[in-house]
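Have a look at start.txt below; it lists compact mmCIF, C-alpha atoms.
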```txt
# COMPACT_ATOMS: atom_id res chain seq x y z
CA MET A 26 -7.71 48.79 -33.15
CA LYS A 27 -10.82 47.63 -31.27
CA LYS A 28 -12.47 46.19 -34.41
CA PRO A 29 -9.78 43.51 -35.13
CA LEU A 30 -9.77 42.45 -31.46
CA THR A 31 -13.57 42.23 -31.44
CA LEU A 32 -13.54 40.12 -34.61
CA LEU A 33 -10.87 37.85 -33.15
CA ALA A 34 -12.87 37.38 -29.93
CA VAL A 35 -16.02 36.53 -31.91
CA ALA A 36 -14.11 34.06 -34.08
CA LEU A 37 -12.63 32.31 -31.03
CA LEU A 38 -16.04 32.16 -29.38
CA CYS A 39 -17.56 30.58 -32.49
CA VAL A 40 -14.77 28.02 -32.77
CA SER A 41 -15.04 27.04 -29.11
CA CYS A 42 -18.82 26.56 -29.39
CA ALA A 43 -18.74 24.57 -32.62
CA PRO A 44 -19.43 20.83 -32.36
CA VAL A 45 -16.45 18.52 -32.53
CA ALA A 46 -16.25 16.29 -35.58
CA ASN A 47 -16.84 12.58 -35.05
CA THR A 48 -13.64 10.79 -35.99
CA THR A 49 -14.70 7.27 -35.02
CA SER A 50 -15.54 4.82 -37.74
CA ALA A 51 -19.04 3.48 -38.03
CA PRO A 52 -19.59 -0.12 -36.94
CA THR A 53 -19.29 -2.51 -39.85
CA GLU A 54 -21.68 -5.26 -38.87
CA SER A 55 -23.57 -5.93 -35.66
CA THR A 56 -23.86 -9.50 -34.46
CA GLY A 57 -25.61 -8.55 -31.24
CA GLN A 58 -22.67 -9.93 -29.22
CA PRO A 59 -20.30 -7.59 -27.39
CA THR A 60 -16.71 -7.73 -28.50
CA ALA A 61 -13.68 -7.51 -26.25
CA SER A 62 -11.77 -4.28 -26.41
CA ALA A 63 -8.62 -6.01 -25.19
CA PRO A 64 -7.38 -9.59 -25.12
CA VAL A 65 -8.44 -11.73 -22.17
CA SER A 66 -5.89 -11.62 -19.34
CA LEU A 67 -4.42 -14.99 -18.51
CA SER A 68 -2.22 -16.18 -15.69
CA ALA A 69 1.02 -18.07 -15.95
CA ASN A 70 0.82 -21.13 -18.19
CA SER A 71 -2.04 -19.47 -20.12
CA GLY A 72 -4.65 -20.45 -17.55
CA PRO A 73 -7.46 -18.22 -16.35
CA GLN A 74 -6.84 -16.02 -13.36
CA ALA A 75 -7.98 -17.59 -10.08
CA PRO A 76 -9.41 -20.79 -11.60
CA GLY A 77 -12.33 -22.06 -9.57
CA ARG A 78 -12.28 -18.72 -7.74
CA THR A 79 -9.37 -19.76 -5.56
CA VAL A 80 -6.12 -17.89 -5.37
CA PRO A 81 -3.00 -20.01 -5.74
CA ALA A 82 -1.32 -20.54 -2.36
CA THR A 83 1.84 -18.44 -2.44
CA ILE A 84 2.41 -18.01 -6.15
CA GLY A 85 6.00 -19.08 -5.81
CA ILE A 86 6.77 -17.34 -2.51
CA THR A 87 7.65 -19.77 0.23
CA TRP A 88 8.67 -19.01 3.77
CA ASP A 89 12.32 -19.44 4.61
CA GLN A 90 14.39 -18.40 7.60
CA ALA A 91 15.63 -15.25 5.86
CA SER A 92 12.03 -14.12 5.26
CA ARG A 93 11.14 -14.78 8.89
CA ASP A 94 14.22 -12.94 10.19
CA GLU A 95 13.61 -9.92 7.96
CA ALA A 96 9.93 -9.71 8.95
CA MET A 97 10.85 -9.87 12.65
CA ASP A 98 13.52 -7.17 12.22
CA VAL A 99 11.13 -4.84 10.40
CA ALA A 100 8.40 -5.37 13.01
CA GLU A 101 10.80 -4.65 15.90
CA ASN A 102 12.41 -1.64 14.20
CA ALA A 103 9.06 -0.14 13.20
CA MET A 104 7.70 -0.61 16.72
CA THR A 105 10.88 0.95 18.16
CA ASP A 106 10.38 4.04 15.96
CA PHE A 107 6.64 4.07 16.73
CA ALA A 108 7.04 3.87 20.54
CA ARG A 109 8.64 7.30 21.01
CA PRO A 110 5.90 9.59 22.31
CA ALA A 111 8.38 12.29 23.34
CA MET A 112 9.73 12.65 19.77
CA GLY A 113 8.72 15.71 17.74
CA ASP A 114 5.87 15.11 15.28
CA MET A 115 7.88 15.64 12.10
CA GLN A 116 10.90 13.58 13.16
CA TRP A 117 8.65 10.80 14.46
CA ALA A 118 6.68 10.62 11.20
CA ASN A 119 9.81 10.69 9.03
CA ASP A 120 11.56 7.95 11.03
CA LEU A 121 8.48 5.73 11.04
CA ALA A 122 7.68 6.23 7.33
CA ARG A 123 10.70 4.19 6.18
CA TRP A 124 9.03 1.04 7.59
CA LEU A 125 5.50 1.72 6.32
CA THR A 126 3.46 0.91 3.23
CA PRO A 127 2.25 3.97 1.32
CA GLN A 128 -1.25 3.54 2.80
CA ALA A 129 0.12 3.26 6.34
CA THR A 130 2.27 6.34 5.78
CA ALA A 131 -0.87 8.28 4.93
CA ASP A 132 -2.82 6.75 7.82
CA TYR A 133 -0.17 7.50 10.46
CA SER A 134 0.71 10.97 9.19
CA ALA A 135 -1.97 12.51 11.41
CA VAL A 136 -1.01 10.61 14.58
CA ASP A 137 0.28 12.67 17.47
CA PRO A 138 3.14 10.63 18.98
CA ALA A 139 2.35 12.11 22.41
CA ASN A 140 -0.80 9.94 22.43
CA ILE A 141 1.10 6.66 22.05
CA PRO A 142 1.22 4.77 25.38
CA ALA A 143 4.20 2.56 24.44
CA ARG A 144 7.61 4.00 25.24
CA ARG A 145 9.89 1.09 24.36
CA VAL A 146 10.02 -2.42 22.92
CA THR A 147 10.61 -4.92 25.72
CA GLY A 148 11.34 -8.13 23.82
CA PRO A 149 11.70 -9.81 20.43
CA ALA A 150 8.86 -10.03 17.92
CA THR A 151 7.12 -13.34 17.36
CA LEU A 152 5.49 -14.16 14.04
CA SER A 153 2.16 -15.82 13.29
CA VAL A 154 3.02 -17.27 9.88
CA ASP A 155 0.41 -18.59 7.47
CA GLU A 156 2.51 -20.91 5.29
CA ALA A 157 0.04 -20.43 2.42
CA ASN A 158 0.55 -16.65 2.41
CA GLY A 159 4.03 -15.54 1.44
CA PHE A 160 2.90 -11.93 1.04
CA GLY A 161 1.86 -11.11 4.60
CA VAL A 162 2.47 -11.93 8.22
CA MET A 163 1.37 -10.79 11.66
CA ALA A 164 3.95 -10.08 14.35
CA ALA A 165 3.45 -9.66 18.09
CA VAL A 166 5.84 -7.08 19.53
CA PRO A 167 5.98 -6.67 23.32
CA THR A 168 6.22 -3.13 24.69
CA ASN A 169 6.00 -1.55 28.12
CA ALA A 170 2.31 -0.83 27.34
CA GLY A 171 1.47 -4.39 26.26
CA THR A 172 1.88 -6.43 23.11
CA TYR A 173 1.21 -4.66 19.81
CA THR A 174 0.16 -6.57 16.71
CA VAL A 175 2.06 -5.51 13.60
CA GLN A 176 0.78 -6.43 10.14
CA LEU A 177 3.58 -6.73 7.56
CA LEU A 178 3.19 -7.00 3.79
CA ARG A 179 5.50 -7.48 0.84
CA THR A 180 4.90 -7.44 -2.89
CA GLY A 181 7.28 -10.25 -3.84
CA LYS A 182 9.92 -12.68 -2.59
CA ASP A 183 12.74 -10.13 -2.85
CA ALA A 184 10.63 -7.10 -1.94
CA PRO A 185 11.14 -5.58 1.50
CA TRP A 186 8.63 -6.14 4.27
CA LYS A 187 6.57 -3.04 5.04
CA VAL A 188 4.30 -2.38 8.01
CA ASN A 189 0.68 -1.84 7.08
CA ARG A 190 -0.83 -1.56 10.57
CA LEU A 191 0.29 -1.27 14.21
CA THR A 192 -2.52 -2.37 16.49
CA PRO A 193 -2.32 -1.56 20.21
CA PRO A 194 -3.01 -4.24 22.84
CA ALA A 195 -6.62 -4.85 23.79
CA SER A 196 -7.41 -3.04 27.01
```
Once more with this new file: its structure as structure tokens, please.
Amino acid sequence: MKKPLTLLAVALLCVSCAPVANTTSAPTESTGQPTASAPVSLSANSGPQAPGRTVPATIGITWDQASRDEAMDVAENAMTDFARPAMGDMQWANDLARWLTPQATADYSAVDPANIPARRVTGPATLSVDEANGFGVMAAVPTNAGTYTVQLLRTGKDAPWKVNRLTPPAS
């Protein structure tokens, strides 16, 4: 019984050590010029991406009152969930995560809410809108510990605003 198992083990060892066959075709003719492996990526209207190395202003996203209102609501709600230092770690992180970008969720997952000086939001958020940037905005949210700066991002006109960063007031 040992002889067939030994032969099988040797055969498997030989197969695993054997070189792999080359299945790629040989180049047909070399012109010395590299060739593209994929077609060139073009923007809308078949133009190059970022012509002249400038990014188009808002790429179709303009600021309207609904966008402003939603950004303010998200900033205030996120700050309200953030400013609860007495909340248990797990509940605090879960409540806050609904307002956060994936990166912010990872960044804030290690925060101990007991170390947060703010305990409540004390007024409405105010936005610092860059009309040329429909994808992001900064909000100032007043708290009992000072005014926090909240960075909000969205991926498109109809995409929800998400908080990317909550910055405490300068001391």
Using only C-alpha atoms, pick whichever of A:Asp94, A:Trp88, A:Thr126, A:Arg144 has the shortest atom-to-atom distance to A:Gln176. A:Thr126
Can you tell me how far atom CA of A:Leu125 sits from atom CA of A:Ala164, in Å to one decimal?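 Taking atom CA of A:Leu125 as the start and atom CA of A:Ala164 as the end point, the length is 14.4 Å.
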Atomic separation - atom CA of A:Asp120 relative to atom CA of A:Val136, Å: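 Rounded to one decimal, the two atoms are 13.3 Å apart.
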In terms of the shortest atom-to-atom distance over all atoms listed in the file, which of A:Leu121, A:Val146, A:Val99, A:Val154 is closest to A:Pro167?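 Closest to A:Pro167, using all atoms listed in the file: A:Val146.
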Which distance in Å separates atom CA of A:Arg109 and atom CA of A:Arg93, to one decimal?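 Going from atom CA of A:Arg109 over to atom CA of A:Arg93 covers 25.3 Å.
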From the options A:Ala129, A:Met104, A:Ala143, A:Leu178, which residue's atoms come nearest to A:Gly159, counting all atoms listed in the file? A:Leu178
Which of A:Leu177, A:Ala100, A:Ala170, A:Ile141 sits closest to A:Asn158 [using all atoms listed in the file]: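 Using all atoms listed in the file, A:Asn158 sits closest to A:Leu177.
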Nearest to A:Met163, chosen from A:Ala96, A:Arg123, A:Ala184, A:Asp106, with all atoms listed in the file counted in the distances: A:Ala96
Which of A:Ala150, A:Ala139, A:Ala118, A:Ala157 sits closest to A:Asp98 [using only C-alpha atoms]: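 Nearest candidate to A:Asp98 out of A:Ala150, A:Ala139, A:Ala118, A:Ala157: A:Ala150.
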For stretch 116-126 of chain A, I'd like the enclosing box, axis-aligned and padded by 4 Å on every side, reported as lines of an AutoDock Vina configuration file with centre and edge lengths in Å to one decimal.
```
center_x = 7.5
center_y = 7.2
center_z = 8.8
size_x = 16.1
size_y = 20.7
size_z = 19.2
```
